[in-house]
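Asker: Pasting in a structure now, in structure tokens, and then I'll have a few things to ask.
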Amino acid sequence: MALNKEWGWPYAMFCALSISLCIVIDILQYSAVLSFLPQGLKDDGYQSHEISAVVGSYYWAGFLGGSCITSWQIRKVIAMEEEPLKWSHLKGHVINLIIGLMCGAIALTVEGLWPTFGVHFITRFAQGFLGAFLFFFSFFLSIELFQAKSFQQRIAITMSTMALHCAEVFGPFFGASVFMRFGQRAVFLTLAGMSLFGQLMLFIVYITLPGDTERYTITPRTPDNPSEKTPLLSGRELKRERGRAA
């Protein structure tokens, strides 16, 4: 049995957009401040190695987070039995994205209200560590939330990839525009507001995804009858059929 992940196009695009926005917000947390933060720290009297520590802490923390994810996935492959994918797994990954964005929004708010050297370093580090998990779960959902090898899945993966590159390229321009008009604090608070909006979209995805016993599952077509679709069974009907077979 495989999950039936064939969505209507409006809902599929909403899910793909929610996932892509998560990546955009994560990248903007780093790229949007590059246009003013290093110069601001220099004007405050900090040396080059101190400025590079603040800016680079994002990437070092991202490397640490990526190492944690990789180690966990290797452990799952070596020491744990493979478990069939369930709707609860996908909903759990959506919750992970919401929590990651929420923590990032808190860090951005703190950074905007108390822009000291130590706060910049700690919040940059935290955002980089959380960003590794946001990347992993975002791209995972881009693949697993949609029917395998479907056009919707290709669109979702493409949107996530484009979100990554566009946020990297246009982030400094966005940060500079807000900074020139409203100041440094406005940049961080704007990013925090965008994060809250992304959390709202992901929460809508979470509550609209089916539960393990509510969504229909679809049986793959058999080699003996590849042209005819097999009937759809709900979770309750599936349990009833298994009981009869036993």
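Following the order of the structure tokens, chains are lettered A, B, ..., residues in each are numbered from 1, and ligands are numbered from 1.
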Could you list, as JSON, numbers by chain, every residue within 10 Å of A:Phe179, counting only C-alpha atoms and ignoring same-chain residues fewer than 4 positions away?
Answerer: {"A": [32, 33, 35, 36, 173, 174, 175, 183, 184, 185, 186, 187, 188]}
Asker: Sorted by chain and rising residue number, which residues of stretch 144-203 of chain A lie within 10 Å of stretch 4-22 of chain A, and what are their closest atom pairs and distances in Å to one decimal, counting only C-alpha atoms, as JSON lines?
Answerer:
```
{"residue": "A:Glu144", "atom": "CA", "partner": "A:Lys5", "partner_atom": "CA", "distance": 8.6}
{"residue": "A:Leu145", "atom": "CA", "partner": "A:Lys5", "partner_atom": "CA", "distance": 6.7}
{"residue": "A:Phe146", "atom": "CA", "partner": "A:Lys5", "partner_atom": "CA", "distance": 5.2}
{"residue": "A:Gln147", "atom": "CA", "partner": "A:Lys5", "partner_atom": "CA", "distance": 4.9}
{"residue": "A:Ala148", "atom": "CA", "partner": "A:Lys5", "partner_atom": "CA", "distance": 8.4}
{"residue": "A:Ser150", "atom": "CA", "partner": "A:Glu6", "partner_atom": "CA", "distance": 8.7}
{"residue": "A:Gln152", "atom": "CA", "partner": "A:Ala12", "partner_atom": "CA", "distance": 6.9}
{"residue": "A:Gln153", "atom": "CA", "partner": "A:Ala16", "partner_atom": "CA", "distance": 8.8}
{"residue": "A:Ile155", "atom": "CA", "partner": "A:Ala16", "partner_atom": "CA", "distance": 7.8}
{"residue": "A:Ala156", "atom": "CA", "partner": "A:Ala16", "partner_atom": "CA", "distance": 5.0}
{"residue": "A:Ile157", "atom": "CA", "partner": "A:Ala16", "partner_atom": "CA", "distance": 8.2}
{"residue": "A:Thr158", "atom": "CA", "partner": "A:Ser20", "partner_atom": "CA", "distance": 9.3}
{"residue": "A:Met159", "atom": "CA", "partner": "A:Ser20", "partner_atom": "CA", "distance": 6.1}
{"residue": "A:Ser160", "atom": "CA", "partner": "A:Ser20", "partner_atom": "CA", "distance": 4.6}
{"residue": "A:Thr161", "atom": "CA", "partner": "A:Ser20", "partner_atom": "CA", "distance": 8.1}
{"residue": "A:Met162", "atom": "CA", "partner": "A:Ser20", "partner_atom": "CA", "distance": 8.3}
{"residue": "A:Ala163", "atom": "CA", "partner": "A:Ser20", "partner_atom": "CA", "distance": 5.7}
{"residue": "A:Leu164", "atom": "CA", "partner": "A:Ser20", "partner_atom": "CA", "distance": 8.1}
{"residue": "A:Ala167", "atom": "CA", "partner": "A:Leu21", "partner_atom": "CA", "distance": 9.7}
{"residue": "A:Met194", "atom": "CA", "partner": "A:Leu21", "partner_atom": "CA", "distance": 8.9}
{"residue": "A:Ser195", "atom": "CA", "partner": "A:Cys22", "partner_atom": "CA", "distance": 7.7}
{"residue": "A:Phe197", "atom": "CA", "partner": "A:Leu21", "partner_atom": "CA", "distance": 9.3}
{"residue": "A:Gly198", "atom": "CA", "partner": "A:Cys22", "partner_atom": "CA", "distance": 6.2}
{"residue": "A:Gln199", "atom": "CA", "partner": "A:Cys22", "partner_atom": "CA", "distance": 8.2}
{"residue": "A:Leu200", "atom": "CA", "partner": "A:Ser18", "partner_atom": "CA", "distance": 9.1}
{"residue": "A:Met201", "atom": "CA", "partner": "A:Ser18", "partner_atom": "CA", "distance": 5.8}
{"residue": "A:Leu202", "atom": "CA", "partner": "A:Ser18", "partner_atom": "CA", "distance": 5.9}
{"residue": "A:Phe203", "atom": "CA", "partner": "A:Ser18", "partner_atom": "CA", "distance": 9.5}
```
Asker: Show which residues sit within 10 Å of A:Pro84, as a PDB file with N, CA, C and O atoms, in the first residue's frame. Count only C-alpha atoms, and ignore same-chain residues fewer than 3 positions away.
Answerer:
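around-v3.pdb was written with the following content:
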```pdb
ATOM      1  N   MET A   1       0.828  -1.198   0.000  1.00  0.00           N
ATOM      2  CA  MET A   1       0.000   0.000   0.000  1.00  0.00           C
ATOM      3  C   MET A   1       0.871   1.259   0.000  1.00  0.00           C
ATOM      4  O   MET A   1       1.867   1.329   0.702  1.00  0.00           O
ATOM      5  N   ALA A   2       0.474   2.230  -0.784  1.00  0.00           N
ATOM      6  CA  ALA A   2       1.181   3.509  -0.835  1.00  0.00           C
ATOM      7  C   ALA A   2       0.185   4.629  -0.593  1.00  0.00           C
ATOM      8  O   ALA A   2      -1.005   4.491  -0.877  1.00  0.00           O
ATOM      9  N   LEU A   3       0.664   5.715  -0.066  1.00  0.00           N
ATOM     10  CA  LEU A   3      -0.213   6.848   0.194  1.00  0.00           C
ATOM     11  C   LEU A   3      -0.684   7.457  -1.123  1.00  0.00           C
ATOM     12  O   LEU A   3       0.072   7.572  -2.077  1.00  0.00           O
ATOM     13  N   GLU A  81      14.973  -0.570  11.381  1.00  0.00           N
ATOM     14  CA  GLU A  81      14.207  -1.154  10.291  1.00  0.00           C
ATOM     15  C   GLU A  81      13.442  -0.068   9.535  1.00  0.00           C
ATOM     16  O   GLU A  81      12.984   0.914  10.123  1.00  0.00           O
ATOM     17  N   HIS A  89       3.933  10.901   9.680  1.00  0.00           N
ATOM     18  CA  HIS A  89       5.325  11.269   9.464  1.00  0.00           C
ATOM     19  C   HIS A  89       5.414  12.610   8.743  1.00  0.00           C
ATOM     20  O   HIS A  89       6.191  13.493   9.141  1.00  0.00           O
TER      21      HIS A  89
END
```
Asker: Could you list, as a list in words, every residue within 9 Å of A:Tyr206, counting only C-alpha atoms and ignoring same-chain residues fewer than 2 positions away?
Answerer: Leu90, Lys91, Gly92, Val94, Ile95, Met201, Leu202, Phe203, Ile204, Thr208, Leu209 and Pro210 of chain A
Asker: Would you mind exporting the chosen residues as a PDB file, in the first residue's frame, restricted to C-alpha atoms?
Answerer:
```
ATOM      1  CA  LEU A  90       4.664  14.006   6.926  1.00  0.00           C
ATOM      2  CA  LYS A  91       2.635  16.048   9.399  1.00  0.00           C
ATOM      3  CA  GLY A  92       5.458  15.685  11.905  1.00  0.00           C
ATOM      4  CA  VAL A  94       5.561  20.092   8.825  1.00  0.00           C
ATOM      5  CA  ILE A  95       5.539  20.672  12.575  1.00  0.00           C
ATOM      6  CA  MET A 201       0.807  28.841   5.844  1.00  0.00           C
ATOM      7  CA  LEU A 202       2.503  25.705   7.142  1.00  0.00           C
ATOM      8  CA  PHE A 203      -0.058  25.399   9.927  1.00  0.00           C
ATOM      9  CA  ILE A 204      -2.814  25.428   7.296  1.00  0.00           C
ATOM     10  CA  THR A 208      -5.496  20.033   6.062  1.00  0.00           C
ATOM     11  CA  LEU A 209      -3.284  16.968   5.657  1.00  0.00           C
ATOM     12  CA  PRO A 210      -5.178  13.733   6.377  1.00  0.00           C
TER      13      PRO A 210
END
```
Asker: For atom CA of A:Ala126 and atom CA of A:Glu50, determine how far apart the two atoms are, in Å to one decimal place.
Answerer: 17.3 Å
Asker: Tell me, in Å to one decimal, how far atom CA of A:Phe63 is from atom CA of A:Gly112.
Answerer: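 Spanning atom CA of A:Phe63 to atom CA of A:Gly112 is a straight-line distance of 24.8 Å.
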Asker: If we count only C-alpha atoms and set the cut-off at 10 Å, which residues sit around A:Leu41, ignoring sequence neighbours fewer than 2 positions away in its own chain? Please answer as a list of chain:residue names.
Answerer: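 Once the nearby chain positions are removed, what remains is A:Phe36, A:Leu37, A:Pro38, A:Gln39, A:Asp43, A:Asp44, A:Gly45, A:Tyr46, A:Gln47, A:Ser48, A:Glu50, A:Ile51, A:Val54, A:Pro115, A:Thr116, A:Phe117, A:His120.
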Asker: Could those selected residues go to a file with N, CA, C and O atoms, as an mmCIF file, in the first residue's frame?
Answerer:
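Result file is again20.cif:
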```
data_model
loop_
_atom_site.group_PDB
_atom_site.id
_atom_site.type_symbol
_atom_site.label_atom_id
_atom_site.label_comp_id
_atom_site.auth_asym_id
_atom_site.auth_seq_id
_atom_site.Cartn_x
_atom_site.Cartn_y
_atom_site.Cartn_z
ATOM 1 N N PHE A 36 24.555 45.359 5.379
ATOM 2 C CA PHE A 36 24.782 46.407 6.382
ATOM 3 C C PHE A 36 25.434 45.920 7.672
ATOM 4 O O PHE A 36 26.096 46.702 8.370
ATOM 5 N N LEU A 37 25.284 44.657 8.033
ATOM 6 C CA LEU A 37 25.792 44.199 9.331
ATOM 7 C C LEU A 37 27.318 44.266 9.431
ATOM 8 O O LEU A 37 27.836 44.778 10.437
ATOM 9 N N PRO A 38 28.092 43.774 8.443
ATOM 10 C CA PRO A 38 29.551 43.881 8.570
ATOM 11 C C PRO A 38 30.034 45.326 8.713
ATOM 12 O O PRO A 38 30.899 45.620 9.550
ATOM 13 N N GLN A 39 29.476 46.238 7.922
ATOM 14 C CA GLN A 39 29.885 47.630 8.007
ATOM 15 C C GLN A 39 29.479 48.240 9.345
ATOM 16 O O GLN A 39 30.214 49.039 9.934
ATOM 17 N N ASP A 43 31.986 49.899 12.060
ATOM 18 C CA ASP A 43 31.808 51.251 12.588
ATOM 19 C C ASP A 43 31.778 51.255 14.111
ATOM 20 O O ASP A 43 32.114 52.280 14.742
ATOM 21 N N ASP A 44 31.377 50.141 14.697
ATOM 22 C CA ASP A 44 31.352 50.042 16.164
ATOM 23 C C ASP A 44 32.721 49.718 16.753
ATOM 24 O O ASP A 44 32.853 49.600 17.975
ATOM 25 N N GLY A 45 33.713 49.539 15.876
ATOM 26 C CA GLY A 45 35.072 49.331 16.351
ATOM 27 C C GLY A 45 35.550 47.901 16.390
ATOM 28 O O GLY A 45 36.638 47.627 16.910
ATOM 29 N N TYR A 46 34.792 46.961 15.846
ATOM 30 C CA TYR A 46 35.202 45.557 15.869
ATOM 31 C C TYR A 46 36.178 45.265 14.731
ATOM 32 O O TYR A 46 36.106 45.861 13.656
ATOM 33 N N GLN A 47 37.078 44.312 15.000
ATOM 34 C CA GLN A 47 38.099 43.945 14.032
ATOM 35 C C GLN A 47 37.551 42.961 12.999
ATOM 36 O O GLN A 47 36.464 42.396 13.164
ATOM 37 N N SER A 48 38.357 42.738 11.954
ATOM 38 C CA SER A 48 37.911 41.895 10.839
ATOM 39 C C SER A 48 37.627 40.469 11.289
ATOM 40 O O SER A 48 36.646 39.850 10.845
ATOM 41 N N GLU A 50 36.666 39.452 14.169
ATOM 42 C CA GLU A 50 35.437 39.427 14.955
ATOM 43 C C GLU A 50 34.208 39.515 14.050
ATOM 44 O O GLU A 50 33.207 38.821 14.265
ATOM 45 N N ILE A 51 34.286 40.338 13.035
ATOM 46 C CA ILE A 51 33.173 40.467 12.082
ATOM 47 C C ILE A 51 32.982 39.164 11.313
ATOM 48 O O ILE A 51 31.854 38.699 11.127
ATOM 49 N N VAL A 54 31.127 36.584 13.364
ATOM 50 C CA VAL A 54 29.672 36.768 13.403
ATOM 51 C C VAL A 54 29.035 36.302 12.098
ATOM 52 O O VAL A 54 28.050 35.552 12.106
ATOM 53 N N PRO A 115 20.808 44.731 19.352
ATOM 54 C CA PRO A 115 21.835 44.448 18.333
ATOM 55 C C PRO A 115 23.269 44.609 18.834
ATOM 56 O O PRO A 115 24.037 45.428 18.327
ATOM 57 N N THR A 116 23.654 43.825 19.831
ATOM 58 C CA THR A 116 25.035 43.849 20.319
ATOM 59 C C THR A 116 25.845 42.759 19.622
ATOM 60 O O THR A 116 25.293 41.867 18.967
ATOM 61 N N PHE A 117 27.153 42.821 19.788
ATOM 62 C CA PHE A 117 28.034 41.840 19.145
ATOM 63 C C PHE A 117 27.704 40.415 19.601
ATOM 64 O O PHE A 117 27.584 39.500 18.789
ATOM 65 N N HIS A 120 24.374 39.210 18.159
ATOM 66 C CA HIS A 120 24.516 38.869 16.739
ATOM 67 C C HIS A 120 25.168 37.502 16.567
ATOM 68 O O HIS A 120 24.717 36.678 15.756
#
```
Asker: Nearest to A:Gly56 among A:Asn96, A:Gln127, A:Thr109, A:Ser71, with distances taken over only C-alpha atoms: which residue is it?
Answerer: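 Counting only C-alpha atoms, the residue closest to A:Gly56 is A:Gln127.
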Asker: I'd like the contact shell of stretch 132-137 of chain A - 8 Å cut-off, only C-alpha atoms, skipping same-chain residues fewer than 5 positions apart - returned as a count of residues only.
Answerer: 14
Asker: Just the number, please: distance in Å from atom CA of A:Glu82 to atom CA of A:Lys149, one decimal.
Answerer: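 Atom-to-atom, atom CA of A:Glu82 and atom CA of A:Lys149 are spaced 21.4 Å apart.
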Asker: Quick one: of A:Arg124, A:Arg154, A:His165, A:Lys86, who's nearest to A:Val55, counting only C-alpha atoms?
Answerer: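 Ranked by minimum distance to A:Val55, first place goes to A:Arg124.
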Asker: Which of these residues is nearest to A:Leu141, using only C-alpha atoms: A:Leu34, A:Val205, A:Val24, A:Cys68?
Answerer: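 Comparing A:Leu34, A:Val205, A:Val24, A:Cys68 against A:Leu141, the winner is A:Val205.
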Asker: From the DSSP assignment of the backbone, select every residue of stretch 19-241 of chain A that is helix (DSSP H, G or I), and format the answer as number ranges by chain.
Answerer: A: 19-31, 37-43, 48-79, 87-113, 117-144, 151-182, 184-208, 235-241
